[in-house]
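Structure data (mmCIF, C-alpha atoms and all ligand atoms) from start.cif:
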```cif
data_protein
#
loop_
_atom_site.label_atom_id
_atom_site.label_comp_id
_atom_site.auth_asym_id
_atom_site.auth_seq_id
_atom_site.Cartn_x
_atom_site.Cartn_y
_atom_site.Cartn_z
CA MET C 126 -14.95 26.16 14.25
CA VAL C 127 -13.66 22.96 12.67
CA ILE C 128 -15.91 21.33 10.11
CA ALA C 129 -15.14 17.75 9.01
CA VAL C 130 -16.55 15.75 6.14
CA TYR C 131 -16.76 11.95 6.29
CA PRO C 132 -17.08 10.70 2.71
CA GLY C 133 -17.91 7.16 1.65
CA SER C 134 -20.30 4.91 -0.19
CA PHE C 135 -22.29 3.82 2.89
CA ASP C 136 -24.12 1.13 0.91
CA PRO C 137 -25.58 0.80 3.52
CA VAL C 138 -24.23 2.19 6.78
CA THR C 139 -22.87 -0.32 9.33
CA TYR C 140 -22.08 -0.09 13.05
CA GLY C 141 -18.44 0.41 11.93
CA HIS C 142 -19.36 3.61 10.08
CA LEU C 143 -21.57 4.75 12.97
CA ASP C 144 -18.72 4.27 15.41
CA ILE C 145 -16.55 6.59 13.30
CA ILE C 146 -19.39 9.13 12.99
CA TYR C 147 -19.96 9.20 16.77
CA ARG C 148 -16.28 9.58 17.51
CA ALA C 149 -15.77 12.26 14.85
CA SER C 150 -18.77 14.17 16.22
CA SER C 151 -17.07 14.50 19.60
CA SER C 152 -13.81 15.75 18.05
CA PHE C 153 -15.15 18.25 15.51
CA ASP C 154 -17.70 21.06 15.77
CA GLN C 155 -19.62 19.83 12.78
CA VAL C 156 -19.48 16.55 10.83
CA ILE C 157 -20.97 16.30 7.36
CA VAL C 158 -21.36 12.72 6.18
CA GLY C 159 -20.94 12.69 2.40
CA VAL C 160 -22.67 9.92 0.50
CA LEU C 161 -20.73 9.38 -2.70
CA CYS C 162 -22.99 8.78 -5.67
CA ASN C 163 -20.47 7.84 -8.30
CA SER C 164 -22.21 6.62 -11.43
CA ALA C 165 -19.38 4.10 -12.07
CA LYS C 166 -20.47 2.01 -9.06
CA SER C 167 -23.70 0.05 -8.97
CA PRO C 168 -24.85 0.24 -5.36
CA LEU C 169 -27.62 -1.78 -3.72
CA PHE C 170 -29.26 1.41 -2.43
CA SER C 171 -29.73 4.62 -4.41
CA GLY C 172 -27.98 7.76 -3.21
CA GLU C 173 -31.24 9.12 -1.85
CA GLU C 174 -31.97 5.88 0.03
CA ARG C 175 -28.49 5.82 1.56
CA VAL C 176 -28.85 9.45 2.66
CA ASN C 177 -32.28 8.80 4.20
CA ILE C 178 -31.01 5.75 6.11
CA LEU C 179 -28.00 7.68 7.40
CA LYS C 180 -30.17 10.64 8.45
CA LYS C 181 -32.42 8.35 10.48
CA VAL C 182 -29.58 6.53 12.27
CA THR C 183 -27.74 9.76 13.11
CA ASP C 184 -30.67 11.98 14.04
CA ASP C 185 -29.72 11.80 17.74
CA ILE C 186 -26.33 13.46 17.05
CA PRO C 187 -26.95 17.23 16.85
CA ASN C 188 -23.74 18.22 15.03
CA VAL C 189 -24.01 15.62 12.24
CA THR C 190 -25.63 16.28 8.86
CA VAL C 191 -25.83 14.04 5.81
CA LYS C 192 -25.49 15.08 2.19
CA GLN C 193 -25.17 13.39 -1.18
CA PHE C 194 -22.25 14.28 -3.43
CA ASP C 195 -20.62 13.32 -6.68
CA GLY C 196 -16.98 13.69 -7.72
CA LEU C 197 -13.95 14.42 -5.59
CA SER C 198 -14.03 14.32 -1.78
CA VAL C 199 -11.74 17.36 -1.61
CA ASN C 200 -14.21 19.39 -3.65
CA PHE C 201 -17.01 18.25 -1.35
CA ALA C 202 -14.87 19.38 1.60
CA ILE C 203 -14.11 22.78 0.04
CA GLU C 204 -17.78 23.38 -0.93
CA ASN C 205 -18.73 22.77 2.70
CA GLN C 206 -15.91 24.92 4.18
CA ALA C 207 -14.46 21.79 5.80
CA GLY C 208 -10.77 21.69 6.74
CA VAL C 209 -10.78 17.99 7.53
CA ILE C 210 -11.65 14.77 5.75
CA VAL C 211 -12.27 11.88 8.15
CA ARG C 212 -11.63 8.30 7.06
CA GLY C 213 -11.79 5.08 9.00
CA LEU C 214 -8.92 2.60 9.01
CA ARG C 215 -9.75 -1.04 9.63
CA ALA C 216 -6.63 -2.98 8.75
CA VAL C 217 -3.31 -2.74 6.97
CA THR C 218 -5.16 -3.53 3.74
CA ASP C 219 -7.01 -0.18 4.00
CA PHE C 220 -3.81 1.70 4.69
CA GLU C 221 -2.06 1.76 1.33
CA TYR C 222 -5.08 2.99 -0.60
CA GLU C 223 -6.02 5.51 2.08
CA LEU C 224 -2.47 6.88 2.28
CA GLN C 225 -2.36 7.35 -1.48
CA MET C 226 -5.77 9.09 -1.46
CA ALA C 227 -4.77 11.35 1.43
CA GLN C 228 -1.54 12.36 -0.28
CA THR C 229 -3.30 12.99 -3.59
CA ASN C 230 -5.95 15.07 -1.83
CA ARG C 231 -3.28 17.12 -0.10
CA VAL C 232 -1.76 18.01 -3.46
CA LEU C 233 -5.20 18.92 -4.83
CA ALA C 234 -6.22 20.91 -1.76
CA PRO C 235 -3.35 21.76 0.62
CA ASN C 236 -5.74 23.35 3.13
CA VAL C 237 -7.74 20.18 3.61
CA ASP C 238 -6.19 17.56 5.88
CA THR C 239 -7.16 13.91 6.14
CA ILE C 240 -7.56 12.51 9.64
CA PHE C 241 -7.80 8.77 10.20
CA LEU C 242 -9.74 7.17 13.01
CA THR C 243 -8.78 3.56 13.64
CA THR C 244 -11.75 1.27 13.90
CA SER C 245 -12.96 0.07 17.26
CA LEU C 246 -11.84 -3.54 17.66
CA GLU C 247 -15.36 -4.97 17.68
CA TYR C 248 -15.98 -3.61 14.16
CA ALA C 249 -12.57 -4.22 12.60
CA TYR C 250 -13.85 -7.05 10.42
CA LEU C 251 -16.99 -5.27 9.25
CA SER C 252 -17.76 -3.90 5.80
CA SER C 253 -20.97 -3.11 3.92
CA THR C 254 -19.96 -5.69 1.29
CA THR C 255 -19.60 -8.52 3.82
CA MET C 256 -22.84 -7.54 5.50
CA LYS C 257 -24.71 -7.69 2.16
CA GLU C 258 -23.17 -11.07 1.34
CA VAL C 259 -24.20 -12.55 4.69
CA ALA C 260 -27.73 -11.14 4.24
CA ALA C 261 -28.04 -12.51 0.70
CA PHE C 262 -27.31 -16.02 2.01
CA GLY C 263 -29.87 -15.70 4.79
CA GLY C 264 -27.42 -15.00 7.64
CA ASP C 265 -28.19 -12.93 10.73
CA ILE C 266 -26.85 -9.39 10.25
CA SER C 267 -28.31 -7.87 13.41
CA LYS C 268 -24.83 -7.48 14.94
CA PHE C 269 -23.60 -5.50 11.91
CA ALA C 270 -26.08 -2.61 11.62
CA PRO C 271 -29.05 -0.96 13.36
CA PRO C 272 -32.49 -2.65 13.04
CA LEU C 273 -33.66 -0.04 10.55
CA VAL C 274 -30.78 -0.94 8.20
CA VAL C 275 -31.36 -4.68 8.63
CA GLU C 276 -35.00 -4.12 7.67
CA ALA C 277 -34.05 -2.01 4.64
CA ILE C 278 -31.69 -4.75 3.39
CA ARG C 279 -34.37 -7.43 3.86
CA ASP C 280 -36.88 -5.33 1.89
CA LYS C 281 -34.40 -4.55 -0.88
CA MET C 282 -33.34 -8.20 -1.25
CA ASN C 283 -36.91 -9.51 -0.88
CA LEU C 284 -35.82 -11.72 2.03
P1 LIG D 1 -15.60 3.70 0.40
O1 LIG D 1 -16.29 3.04 -0.73
O2 LIG D 1 -15.23 5.12 0.16
O3 LIG D 1 -14.49 2.89 1.05
P2 LIG D 1 -17.21 2.90 2.59
O4 LIG D 1 -18.66 3.23 2.75
O5 LIG D 1 -16.86 1.48 2.38
O6 LIG D 1 -16.72 3.84 1.46
O7 LIG D 1 -16.42 3.45 3.84
C1 LIG D 1 -16.36 4.80 4.17
C2 LIG D 1 -15.30 5.02 5.22
O8 LIG D 1 -15.63 4.27 6.38
C3 LIG D 1 -13.91 4.57 4.81
O9 LIG D 1 -12.98 5.45 5.38
C4 LIG D 1 -13.80 3.20 5.43
O10 LIG D 1 -12.46 2.83 5.68
C5 LIG D 1 -14.55 3.42 6.72
N1 LIG D 1 -15.08 2.19 7.27
C6 LIG D 1 -15.81 1.25 6.65
N2 LIG D 1 -16.12 0.22 7.47
C7 LIG D 1 -15.54 0.52 8.67
C8 LIG D 1 -15.45 -0.14 9.93
N3 LIG D 1 -15.98 -1.35 10.12
N4 LIG D 1 -14.77 0.48 10.92
C9 LIG D 1 -14.20 1.68 10.71
N5 LIG D 1 -14.22 2.35 9.53
C10 LIG D 1 -14.88 1.79 8.53
#
```
Can you dump the structure from the file as structure tokens?
Ligand code: ADP
Amino acid sequence: MVIAVYPGSFDPVTYGHLDIIYRASSSFDQVIVGVLCNSAKSPLFSGEERVNILKKVTDDIPNVTVKQFDGLSVNFAIENQAGVIVRGLRAVTDFEYELQMAQTNRVLAPNVDTIFLTTSLEYAYLSSTTMKEVAAFGGDISKFAPPLVVEAIRDKMNL
């Protein structure tokens, strides 16, 4: 049985993340989405809120679970008996950082491999940061994330 973890900030989840989650769920027996709650970052949504949103938008995928974690992704993988870390690659700009992280992680945990899924073309431009910026200026974000997420952003930003 191959268990994969998909770590990230997910502040909040977009259709780009969901696309990776769906595709990973058909390649691995179990996918654990790891919501990174690093105290150095100041997210729009708390860790608990991000986990709850992700649970709701993935509850139709039986082999996906969502957990909060802090610290290193490799440790999160090891704690969950996962042999694979999944990351999404959007553009060349993602590549250098992701390659460095994957190589570092391999030194830290040689039994955990990083597997990259390239983004589906329709979501290549999409990031949580851009989505939040568009929302803050009153733009329509319904093409970027599920209705539940759009609603949560509106509530959080008092829009
Ligand atoms: P992080 O802060 O760790 O980059 P993110 O929540 O921004 O966390 O992203 C988590 C993962 O999802 C990363 O691997 C990122 O490259 C990937 N990702 C983000 N947006 C997209 C997208 N639109 N398409 C595919 N992958 C994406």
Subject >> Nearest to ligand LIG 1 (chain D) by atom-to-atom distance, counting only C-alpha atoms and all ligand atoms, from C:Ile186, C:Ala129, C:Val160, C:Leu179 >> reply: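 Using only C-alpha atoms and all ligand atoms, the shortest distance to ligand LIG 1 (chain D) belongs to C:Val160.
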Subject >> Residues within 6 Å of ligand LIG 1 (chain D), counting only C-alpha atoms and all ligand atoms, as a list in words >> reply: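 Listed by chain and ascending number, the contacts are Gly133, Ser134, Phe135, Gly141, His142, Arg212, Gly213, Leu214, Arg215, Thr244, Tyr248, Ala249, Leu251 and Ser252 of chain C.
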Subject >> Nearest-residue call for Tyr147 (chain C), choices C:Val189, C:Leu273, C:Ile210, C:Ala202, using only C-alpha atoms >> reply: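 Once distances to Tyr147 (chain C) are computed over only C-alpha atoms, the minimum belongs to C:Val189.
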**OP:** Rank nothing, just name the residue among C:Tyr222, C:Asp280, C:Leu246, C:Leu197 nearest to Ala260 (chain C), using only C-alpha atoms.
**Re:**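 Closest to Ala260 (chain C) of all the choices is C:Asp280.
Pairwise distance (CA of Asn163 (chain C), CA of Val259 (chain C)) equals 24.5 Å.
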Kindly assemble as a tab-separated table a list of the region 128-243 of chain C residues that lie within 9 Å of region 267-271 of chain C, each paired with its nearest atom pair and their distance in Å to one decimal, using only C-alpha atoms, sorted first by chain and then by ascending residue number.
```
residue	atom	partner	partner_atom	distance
C:Pro137	CA	C:Ala270	CA	8.8
C:Val138	CA	C:Ala270	CA	7.1
C:Thr139	CA	C:Ala270	CA	4.6
C:Tyr140	CA	C:Ala270	CA	4.9
C:Gly141	CA	C:Phe269	CA	7.8
C:Leu143	CA	C:Ala270	CA	8.7
C:Val182	CA	C:Pro271	CA	7.6
```
**OP:** Name the residues, using the chain letters and numbers of the file, that sit within 6 Å of (-26.0, 12.4, 2.5) when counting all atoms listed in the file, and give them as a PyMOL selection string.
**Re:** chain C and resi 158-160+176+191-193
Could those selected residues go to a file with C-alpha atoms, as a PDB file, in the frame of the given file?
```pdb
ATOM      1  CA  VAL C 158     -21.360  12.720   6.180  1.00  0.00           C
ATOM      2  CA  GLY C 159     -20.940  12.690   2.400  1.00  0.00           C
ATOM      3  CA  VAL C 160     -22.670   9.920   0.500  1.00  0.00           C
ATOM      4  CA  VAL C 176     -28.850   9.450   2.660  1.00  0.00           C
ATOM      5  CA  VAL C 191     -25.830  14.040   5.810  1.00  0.00           C
ATOM      6  CA  LYS C 192     -25.490  15.080   2.190  1.00  0.00           C
ATOM      7  CA  GLN C 193     -25.170  13.390  -1.180  1.00  0.00           C
TER       8      GLN C 193
END
```
**OP:** Rounded to one decimal place, report the CA of Thr243 (chain C)-CA of Val209 (chain C) distance in Å.
**Re:**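 Separating CA of Thr243 (chain C) from CA of Val209 (chain C) is a distance of 15.8 Å.
Separating CA of Pro132 (chain C) from CA of Val211 (chain C) is a distance of 7.4 Å.
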Subject >> Selected residue of minimal separation from Phe153 (chain C) among C:Ile278, C:Val232, C:Ile240, C:Ile178, counting all atoms listed in the file >> reply: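 Smallest distance to Phe153 (chain C) is found for C:Ile240.
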Original post:
Got a sec: who's within 12 Å of Gly264 (chain C), counting only C-alpha atoms, leaving out chain neighbours fewer than 6 positions off, as a count of residues only?
Top reply: 8
Subject >> Best match for closeness to Met226 (chain C) among C:Cys162, C:Val199, C:Val156, C:Leu242, counting all atoms listed in the file >> reply: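 Looking at the shortest contact to Met226 (chain C), the residue is C:Val199.
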